[in-house]
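These notes are about the structure you will find just below.
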Amino acid sequence: MAKRAEYTVFQGRAGDHNDLAISGAKAIGEELESRTGISPTVIGTPAPALNAGWHEELDAALPSLKEIQSRFDDVFGRGAISIAATSRCAVSLATLPAVAKHFPSACIVWFDAHGDLNPPEASPTGYLGGLALAGPVGLWDSGLGAGLSLDQVVLVGQRDLDPFELDLIATHNIPLIKPGANLATELRNAISGRSVYVHLDCDVLEPGIVPTDYKHEGGLSLDDLRVCCELIAEHDFIGIEIAEFQSAWEANGSPVSPNALLDALKPVLR
């Protein structure tokens, strides 16, 4: 019997540089509801971006992050697949410890132009989102828990990595998969038959495909993303969090539909 899916939309602060990802997550939730007839559970209340250091951002986000962690705990406790629009990568500080609690040996496939593996003391920018994966793998204490190990992580599409992250990847032999003809084969080998949870930062895509905060050339195409999702769908699929989709190319710009993005993700959506 196929697992059912539950939908979540995060609308709180999470280290935002601007206000476009909160509305982007809302747009994804609305489109998913239109496609499935399932209303998402909304977590958090929109608030203007602070543009502050990681500690202040974390303090401001913590109530909403604890709420979404509780929501994920409930979803997984009911045996459902989690489909979530999480606005910013920093929300993973809360979601991934819940994944680890319920699926302690899961493979985390991290689609992102960045590694997000810096602890605060190694971060060149002090940006909360750059610490998003480092917390759940135990490199620093965010107050939201950990539970993952580095050998559970598979990186896909990273092309803007800091010195600490490069050393970490090399030391721990973390799979780092780039776009190319062998993308699907390398991803299959890295997953190695494990259950899969997906984090998608939309800046993993080539700039210009969807609006994102960061832009780095050499990203995945939507076809690349769909191929990856087709492969992931062959495994025991736990869920996906869709982050960093901005609702417009610029502040006060015309709304951009998430339809093309969701079409590429269709193999893993329920």
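Residues in the structure tokens are named by chain (A, B, ... in the order shown) and by number from 1 within that chain; ligands are numbered from 1 in the order shown.
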- Item | Residues within 12 Å of Pro120 of chain A, only C-alpha atoms, excluding chain neighbours under 6 positions, as a PyMOL selection string | chain A and resi 53-55+58+126-135+139-142+164
Report as a tab-separated table the residues of segment 159-207 of chain A within 12 Å of segment 238-245 of chain A, each with its shortest atom pair and distance in Å (one decimal), using only C-alpha atoms, ordered by chain and increasing residue number.
```
residue	atom	partner	partner_atom	distance
A:Arg194	CA	A:Ile238	CA	10.5
A:Ser195	CA	A:Ile238	CA	6.7
A:Val196	CA	A:Ile238	CA	5.7
A:Tyr197	CA	A:Ile238	CA	5.1
A:Val198	CA	A:Ile240	CA	4.5
A:His199	CA	A:Glu241	CA	5.1
A:Leu200	CA	A:Ile242	CA	5.0
A:Asp201	CA	A:Ala243	CA	4.8
A:Cys202	CA	A:Glu244	CA	5.4
A:Asp203	CA	A:Glu244	CA	7.0
A:Val204	CA	A:Glu244	CA	9.8
A:Leu205	CA	A:Phe245	CA	10.7
A:Pro207	CA	A:Phe245	CA	12.0
```
Same residues, all heavy atoms, output as an mmCIF file, in the first residue's frame:
```cif
data_model
loop_
_atom_site.group_PDB
_atom_site.id
_atom_site.type_symbol
_atom_site.label_atom_id
_atom_site.label_comp_id
_atom_site.auth_asym_id
_atom_site.auth_seq_id
_atom_site.Cartn_x
_atom_site.Cartn_y
_atom_site.Cartn_z
ATOM 1 N N ARG A 194 19.592 3.052 0.006
ATOM 2 C CA ARG A 194 19.026 3.544 1.260
ATOM 3 C C ARG A 194 17.706 4.297 1.051
ATOM 4 O O ARG A 194 17.377 4.718 -0.066
ATOM 5 C CB ARG A 194 20.029 4.470 1.955
ATOM 6 C CG ARG A 194 21.279 3.767 2.449
ATOM 7 C CD ARG A 194 22.301 4.735 3.017
ATOM 8 N NE ARG A 194 22.947 5.531 1.973
ATOM 9 C CZ ARG A 194 23.901 6.433 2.209
ATOM 10 N NH1 ARG A 194 24.308 6.644 3.465
ATOM 11 N NH2 ARG A 194 24.450 7.110 1.217
ATOM 12 N N SER A 195 16.958 4.477 2.115
ATOM 13 C CA SER A 195 15.816 5.386 2.089
ATOM 14 C C SER A 195 16.328 6.798 1.837
ATOM 15 O O SER A 195 17.448 7.139 2.253
ATOM 16 C CB SER A 195 15.064 5.347 3.421
ATOM 17 O OG SER A 195 14.569 4.049 3.678
ATOM 18 N N VAL A 196 15.512 7.633 1.183
ATOM 19 C CA VAL A 196 15.995 8.938 0.731
ATOM 20 C C VAL A 196 15.090 10.066 1.208
ATOM 21 O O VAL A 196 13.859 10.020 1.055
ATOM 22 C CB VAL A 196 16.087 8.998 -0.805
ATOM 23 C CG1 VAL A 196 16.595 10.365 -1.256
ATOM 24 C CG2 VAL A 196 16.990 7.908 -1.336
ATOM 25 N N TYR A 197 15.732 11.087 1.768
ATOM 26 C CA TYR A 197 15.080 12.365 2.043
ATOM 27 C C TYR A 197 15.802 13.429 1.231
ATOM 28 O O TYR A 197 17.034 13.466 1.183
ATOM 29 C CB TYR A 197 15.129 12.722 3.526
ATOM 30 C CG TYR A 197 14.394 14.001 3.848
ATOM 31 C CD1 TYR A 197 13.015 13.998 3.987
ATOM 32 C CD2 TYR A 197 15.067 15.212 3.986
ATOM 33 C CE1 TYR A 197 12.319 15.174 4.263
ATOM 34 C CE2 TYR A 197 14.388 16.383 4.254
ATOM 35 C CZ TYR A 197 13.015 16.354 4.393
ATOM 36 O OH TYR A 197 12.331 17.524 4.657
ATOM 37 N N VAL A 198 15.033 14.319 0.583
ATOM 38 C CA VAL A 198 15.589 15.304 -0.341
ATOM 39 C C VAL A 198 15.448 16.718 0.205
ATOM 40 O O VAL A 198 14.352 17.130 0.632
ATOM 41 C CB VAL A 198 14.885 15.227 -1.715
ATOM 42 C CG1 VAL A 198 15.366 16.344 -2.639
ATOM 43 C CG2 VAL A 198 15.122 13.872 -2.360
ATOM 44 N N HIS A 199 16.566 17.444 0.174
ATOM 45 C CA HIS A 199 16.545 18.892 0.369
ATOM 46 C C HIS A 199 16.859 19.525 -0.979
ATOM 47 O O HIS A 199 17.879 19.221 -1.593
ATOM 48 C CB HIS A 199 17.598 19.324 1.386
ATOM 49 C CG HIS A 199 17.818 20.806 1.416
ATOM 50 N ND1 HIS A 199 17.088 21.643 2.236
ATOM 51 C CD2 HIS A 199 18.660 21.613 0.720
ATOM 52 C CE1 HIS A 199 17.494 22.898 2.044
ATOM 53 N NE2 HIS A 199 18.443 22.901 1.115
ATOM 54 N N LEU A 200 15.982 20.408 -1.436
ATOM 55 C CA LEU A 200 16.201 21.121 -2.697
ATOM 56 C C LEU A 200 16.288 22.614 -2.439
ATOM 57 O O LEU A 200 15.295 23.260 -2.096
ATOM 58 C CB LEU A 200 15.057 20.851 -3.678
ATOM 59 C CG LEU A 200 15.116 21.672 -4.976
ATOM 60 C CD1 LEU A 200 16.304 21.271 -5.831
ATOM 61 C CD2 LEU A 200 13.817 21.569 -5.762
ATOM 62 N N ASP A 201 17.499 23.167 -2.583
ATOM 63 C CA ASP A 201 17.681 24.611 -2.659
ATOM 64 C C ASP A 201 17.635 24.953 -4.141
ATOM 65 O O ASP A 201 18.450 24.456 -4.929
ATOM 66 C CB ASP A 201 19.031 24.995 -2.047
ATOM 67 C CG ASP A 201 19.322 26.495 -2.122
ATOM 68 O OD1 ASP A 201 18.750 27.179 -2.999
ATOM 69 O OD2 ASP A 201 20.141 26.978 -1.325
ATOM 70 N N CYS A 202 16.713 25.801 -4.529
ATOM 71 C CA CYS A 202 16.510 26.064 -5.956
ATOM 72 C C CYS A 202 17.707 26.712 -6.630
ATOM 73 O O CYS A 202 17.778 26.726 -7.872
ATOM 74 C CB CYS A 202 15.260 26.909 -6.156
ATOM 75 S SG CYS A 202 13.731 25.995 -5.828
ATOM 76 N N ASP A 203 18.684 27.211 -5.859
ATOM 77 C CA ASP A 203 19.862 27.756 -6.526
ATOM 78 C C ASP A 203 20.799 26.662 -7.044
ATOM 79 O O ASP A 203 21.823 26.950 -7.664
ATOM 80 C CB ASP A 203 20.602 28.781 -5.671
ATOM 81 C CG ASP A 203 21.331 28.219 -4.457
ATOM 82 O OD1 ASP A 203 21.591 27.007 -4.407
ATOM 83 O OD2 ASP A 203 21.659 29.011 -3.550
ATOM 84 N N VAL A 204 20.430 25.386 -6.828
ATOM 85 C CA VAL A 204 21.149 24.299 -7.484
ATOM 86 C C VAL A 204 20.943 24.344 -8.997
ATOM 87 O O VAL A 204 21.753 23.832 -9.766
ATOM 88 C CB VAL A 204 20.719 22.925 -6.921
ATOM 89 C CG1 VAL A 204 19.360 22.504 -7.487
ATOM 90 C CG2 VAL A 204 21.770 21.859 -7.217
ATOM 91 N N LEU A 205 19.852 24.995 -9.419
ATOM 92 C CA LEU A 205 19.537 25.103 -10.838
ATOM 93 C C LEU A 205 20.362 26.191 -11.503
ATOM 94 O O LEU A 205 20.840 27.130 -10.850
ATOM 95 C CB LEU A 205 18.052 25.406 -11.024
ATOM 96 C CG LEU A 205 17.076 24.352 -10.502
ATOM 97 C CD1 LEU A 205 15.654 24.899 -10.516
ATOM 98 C CD2 LEU A 205 17.175 23.074 -11.327
ATOM 99 N N PRO A 207 21.148 29.534 -13.160
ATOM 100 C CA PRO A 207 20.471 30.825 -12.984
ATOM 101 C C PRO A 207 19.564 31.154 -14.165
ATOM 102 O O PRO A 207 19.885 30.857 -15.317
ATOM 103 C CB PRO A 207 21.635 31.819 -12.907
ATOM 104 C CG PRO A 207 22.777 31.009 -12.385
ATOM 105 C CD PRO A 207 22.614 29.641 -12.986
#
```
- Would you mind telling me which residue in A:Ala49, A:Leu176, A:Cys107, A:Ala122 lies nearest to Asp236 of chain A when using only C-alpha atoms?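 Looking only at the distances to Asp236 of chain A, the closest residue turns out to be A:Cys107.
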- So which one's closest to Ser64 of chain A, A:Leu20, A:Ala27, A:Ile38, A:Val9? Using only C-alpha atoms, please.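 Answer, going by the shortest atom-to-atom distance: A:Val9.
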- Step one, run DSSP on the backbone; step two, keep only residues of segment 136-251 of chain A assigned to strand (DSSP E); then write them as a ChimeraX atom specification. /A:153-156,176-177,196-201,237-243
- So how far away is atom CA of Val42 of chain A from atom CA of Gly29 of chain A, in Å?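 Interatomic distance, atom CA of Gly29 of chain A to atom CA of Val42 of chain A: 8.9 Å.
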Contacts of Ser70 of chain A at 12 Å or less, counting only C-alpha atoms, minus same-chain residues fewer than 2 places along, as a PDB file with N, CA and C atoms, in the first residue's frame?
```
ATOM      1  N   THR A   8       3.185  20.683   3.933  1.00  0.00           N
ATOM      2  CA  THR A   8       3.503  21.724   4.913  1.00  0.00           C
ATOM      3  C   THR A   8       4.084  22.926   4.189  1.00  0.00           C
ATOM      4  N   ILE A  43       2.809  26.760   8.754  1.00  0.00           N
ATOM      5  CA  ILE A  43       3.562  26.965   9.991  1.00  0.00           C
ATOM      6  C   ILE A  43       4.203  28.349   9.953  1.00  0.00           C
ATOM      7  N   PRO A  63      11.020  30.052  17.550  1.00  0.00           N
ATOM      8  CA  PRO A  63       9.653  29.571  17.821  1.00  0.00           C
ATOM      9  C   PRO A  63       9.017  28.872  16.620  1.00  0.00           C
ATOM     10  N   SER A  64       9.151  29.459  15.436  1.00  0.00           N
ATOM     11  CA  SER A  64       8.575  28.846  14.242  1.00  0.00           C
ATOM     12  C   SER A  64       9.318  27.574  13.855  1.00  0.00           C
ATOM     13  N   LEU A  65      10.639  27.556  14.042  1.00  0.00           N
ATOM     14  CA  LEU A  65      11.411  26.356  13.727  1.00  0.00           C
ATOM     15  C   LEU A  65      11.020  25.194  14.643  1.00  0.00           C
ATOM     16  N   LYS A  66      10.785  25.477  15.907  1.00  0.00           N
ATOM     17  CA  LYS A  66      10.332  24.420  16.817  1.00  0.00           C
ATOM     18  C   LYS A  66       8.949  23.912  16.419  1.00  0.00           C
ATOM     19  N   GLU A  67       8.124  24.820  15.902  1.00  0.00           N
ATOM     20  CA  GLU A  67       6.783  24.425  15.477  1.00  0.00           C
ATOM     21  C   GLU A  67       6.843  23.511  14.254  1.00  0.00           C
ATOM     22  N   ILE A  68       7.713  23.839  13.294  1.00  0.00           N
ATOM     23  CA  ILE A  68       7.779  22.962  12.113  1.00  0.00           C
ATOM     24  C   ILE A  68       8.451  21.636  12.464  1.00  0.00           C
ATOM     25  N   PHE A  72       6.791  18.031  11.598  1.00  0.00           N
ATOM     26  CA  PHE A  72       7.448  16.919  10.920  1.00  0.00           C
ATOM     27  C   PHE A  72       7.401  15.660  11.780  1.00  0.00           C
ATOM     28  N   ASP A  73       7.601  15.829  13.070  1.00  0.00           N
ATOM     29  CA  ASP A  73       7.531  14.687  13.977  1.00  0.00           C
ATOM     30  C   ASP A  73       6.164  14.019  13.886  1.00  0.00           C
ATOM     31  N   ASP A  74       5.111  14.820  13.811  1.00  0.00           N
ATOM     32  CA  ASP A  74       3.754  14.289  13.695  1.00  0.00           C
ATOM     33  C   ASP A  74       3.539  13.589  12.354  1.00  0.00           C
ATOM     34  N   VAL A  75       3.996  14.217  11.270  1.00  0.00           N
ATOM     35  CA  VAL A  75       3.821  13.642   9.930  1.00  0.00           C
ATOM     36  C   VAL A  75       4.506  12.283   9.843  1.00  0.00           C
ATOM     37  N   PHE A  76       5.764  12.228  10.261  1.00  0.00           N
ATOM     38  CA  PHE A  76       6.495  10.962  10.187  1.00  0.00           C
ATOM     39  C   PHE A  76       5.923   9.937  11.163  1.00  0.00           C
ATOM     40  N   GLY A  77       5.443  10.406  12.312  1.00  0.00           N
ATOM     41  CA  GLY A  77       4.840   9.498  13.282  1.00  0.00           C
ATOM     42  C   GLY A  77       3.584   8.837  12.747  1.00  0.00           C
ATOM     43  N   ALA A  94      15.725  22.529  11.708  1.00  0.00           N
ATOM     44  CA  ALA A  94      14.613  21.924  12.448  1.00  0.00           C
ATOM     45  C   ALA A  94      14.113  20.635  11.812  1.00  0.00           C
ATOM     46  N   THR A  95      14.045  20.605  10.480  1.00  0.00           N
ATOM     47  CA  THR A  95      13.427  19.450   9.809  1.00  0.00           C
ATOM     48  C   THR A  95      14.316  18.212   9.829  1.00  0.00           C
ATOM     49  N   LEU A  96      15.621  18.385   9.597  1.00  0.00           N
ATOM     50  CA  LEU A  96      16.479  17.207   9.483  1.00  0.00           C
ATOM     51  C   LEU A  96      16.634  16.427  10.787  1.00  0.00           C
ATOM     52  N   PRO A  97      16.689  17.077  11.958  1.00  0.00           N
ATOM     53  CA  PRO A  97      16.688  16.271  13.184  1.00  0.00           C
ATOM     54  C   PRO A  97      15.420  15.415  13.330  1.00  0.00           C
ATOM     55  N   ALA A  98      14.292  15.902  12.816  1.00  0.00           N
ATOM     56  CA  ALA A  98      13.067  15.087  12.839  1.00  0.00           C
ATOM     57  C   ALA A  98      13.200  13.908  11.884  1.00  0.00           C
ATOM     58  N   VAL A  99      13.806  14.130  10.718  1.00  0.00           N
ATOM     59  CA  VAL A  99      14.077  13.020   9.799  1.00  0.00           C
ATOM     60  C   VAL A  99      14.961  11.987  10.489  1.00  0.00           C
ATOM     61  N   LYS A 101      15.388  11.363  13.615  1.00  0.00           N
ATOM     62  CA  LYS A 101      14.683  10.675  14.704  1.00  0.00           C
ATOM     63  C   LYS A 101      13.877   9.488  14.191  1.00  0.00           C
ATOM     64  N   LEU A 144      18.254  22.754  18.197  1.00  0.00           N
ATOM     65  CA  LEU A 144      17.158  22.014  17.562  1.00  0.00           C
ATOM     66  C   LEU A 144      17.489  20.544  17.361  1.00  0.00           C
TER      67      LEU A 144
END
```
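Among A:Ala47, A:Val154, A:Leu148, A:Ile28, the residue with the shortest atom-to-atom distance to Ala84 of chain A, counting only C-alpha atoms, is A:Ile28.
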- Message: I need the residue nearest Gly12 of chain A from this list: A:Ala61, A:Ala52, A:Leu261, A:Leu183. Use only C-alpha atoms for the distance.
- Response: A:Ala61
- Taking into account only C-alpha atoms, which residue in the set A:Arg13, A:Val91, A:Asp263, A:Ile81 is nearest to Ala60 of chain A? A:Arg13
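In terms of minimum interatomic distance to His17 of chain A, A:Ser87 ranks closest within A:Ser87, A:Ser149, A:Ser92, A:Ser123, counting only C-alpha atoms.
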- Pull the helix (DSSP H, G or I) assignments for segment 1-161 of chain A out of DSSP run on the backbone, and list those residues as a PyMOL selection string. chain A and resi 20-36+54-77+89-102+120-122+128-131+150-152
